[in-house]
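Working notes, beginning with the structure itself.
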Amino acid sequence: MAALLVPPLAAQTPPPTPLRIAASSYATTEVHLNARRIGTSWYEEDASLSGPSRIAITYGQPHARGRKVEGGLIPLDTVWRFGANMATTLHTDLDITLGDLKLARGDYSLFVLYTRSGWQLIVNRGTGQWGTDRDASKDAGRVPLATRTLAEPEGSLTIYLVPDAAQPTTGYADLRGVLRIKWGVTELSTGWRIDQ
């Protein structure tokens, strides 16, 4: 009589699931001003106020993961959602100028147009929508973006709000700076400033 040998159950466990990087992450970049404007006066930050004024950009951060960015993930001659998932948002507690476009304090959505003649940032008054649901009738304006080729490709869309610091040893920055956008082999930029 032949016997059938069955291995113990512990030896039959499946291999572990490999770790993976998600197709996108969630990211925010912010600049804080240590005062808040109420009416026509500026008040320094203290416990009686809700904190400093801020400018913030919040976005779904896509990762290239070996895919072509310019002309691939960012289509040519098409308005791009400028991120992943929900529309990228700009929040400002202050009146600002982005490039040459004046924006009142509030919330906006951001999109990008990539053409053979250059790049433009589209500022839209609509908020809370999916990234592909832009209502062009709510566009506040467009900002041309300067372009630079990066020496090393950037694997993830990364947005920076960099304050200018004419005298960096003081620890303080001026009320202006540069918006930088990096992804693939391209860096895009424009200036921003706080309107007083």
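Convention: chains lettered A, B, ... in structure tokens order; per-chain residue numbering from 1; ligands numbered from 1 as shown.
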
| request: Select from segment 99-172 of chain A everything DSSP, run on the backbone, classes as strand (DSSP E), then give the selection as an NGL selection string. | output: :A and (101-103 or 106-115 or 118-124 or 139-163)

| request: Would you list the contacts of Arg148 of chain A as a PyMOL selection string, taking every protein, DNA or RNA residue within 9 Å and counting only C-alpha atoms, but skipping same-chain residues closer than 2 positions in sequence? | output: chain A and resi 146+150+185-189

Export of the given selection (N, CA, C and O atoms) as a tab-separated table (two decimals), in the first residue's frame:
chain	number	residue	atom	x	y	z
A	146	ALA	N	8.74	80.58	-17.30
A	146	ALA	CA	10.10	80.43	-17.82
A	146	ALA	C	10.48	78.96	-17.75
A	146	ALA	O	10.05	78.24	-16.85
A	150	LEU	N	16.65	70.55	-16.82
A	150	LEU	CA	17.37	70.05	-15.65
A	150	LEU	C	18.49	69.10	-16.07
A	150	LEU	O	18.35	68.34	-17.04
A	185	VAL	N	12.53	66.42	-17.19
A	185	VAL	CA	13.77	67.18	-17.39
A	185	VAL	C	13.50	68.68	-17.46
A	185	VAL	O	14.34	69.45	-17.89
A	186	THR	N	12.33	69.10	-17.01
A	186	THR	CA	11.93	70.51	-17.13
A	186	THR	C	11.72	71.16	-15.78
A	186	THR	O	11.11	70.58	-14.89
A	187	GLU	N	12.23	72.38	-15.63
A	187	GLU	CA	11.91	73.24	-14.50
A	187	GLU	C	11.18	74.46	-15.05
A	187	GLU	O	11.64	75.10	-15.99
A	188	LEU	N	10.02	74.76	-14.48
A	188	LEU	CA	9.22	75.92	-14.86
A	188	LEU	C	9.24	76.90	-13.69
A	188	LEU	O	9.29	76.48	-12.54
A	189	SER	N	9.16	78.19	-13.99
A	189	SER	CA	9.18	79.15	-12.88
A	189	SER	C	8.49	80.45	-13.27
A	189	SER	O	8.39	80.80	-14.45

| field | Surrounding residues of Ala56 of chain A excluding itself and chain neighbours under 5 positions, 9 Å, only C-alpha atoms, as a list in words | value | Thr28, Thr29, Glu30, Val31, His32, Thr89, Leu90, His91, Thr92 and Leu161 of chain A

| task | May I have the residues within 10 Å of Gly118 of chain A as a PyMOL selection string, using only C-alpha atoms and disregarding those fewer than 6 positions away in the same chain? | result | chain A and resi 77+144-147

Would you export the selected residues with C-alpha atoms as a PDB file, in the first residue's frame, please?
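Okay, again-v2.pdb is ready:
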ATOM      1  CA  ASP A  77      -1.289  71.353 -26.846  1.00  0.00           C
ATOM      2  CA  PRO A 144       3.754  82.523 -18.874  1.00  0.00           C
ATOM      3  CA  LEU A 145       6.343  80.221 -17.298  1.00  0.00           C
ATOM      4  CA  ALA A 146      10.104  80.433 -17.816  1.00  0.00           C
ATOM      5  CA  THR A 147      11.652  77.092 -18.797  1.00  0.00           C
TER       6      THR A 147
END

| Minimum-distance residue to Asp139 of chain A, chosen among A:Thr169, A:Ser24, A:Asn124, A:Gln61 (using only C-alpha atoms) | A:Asn124
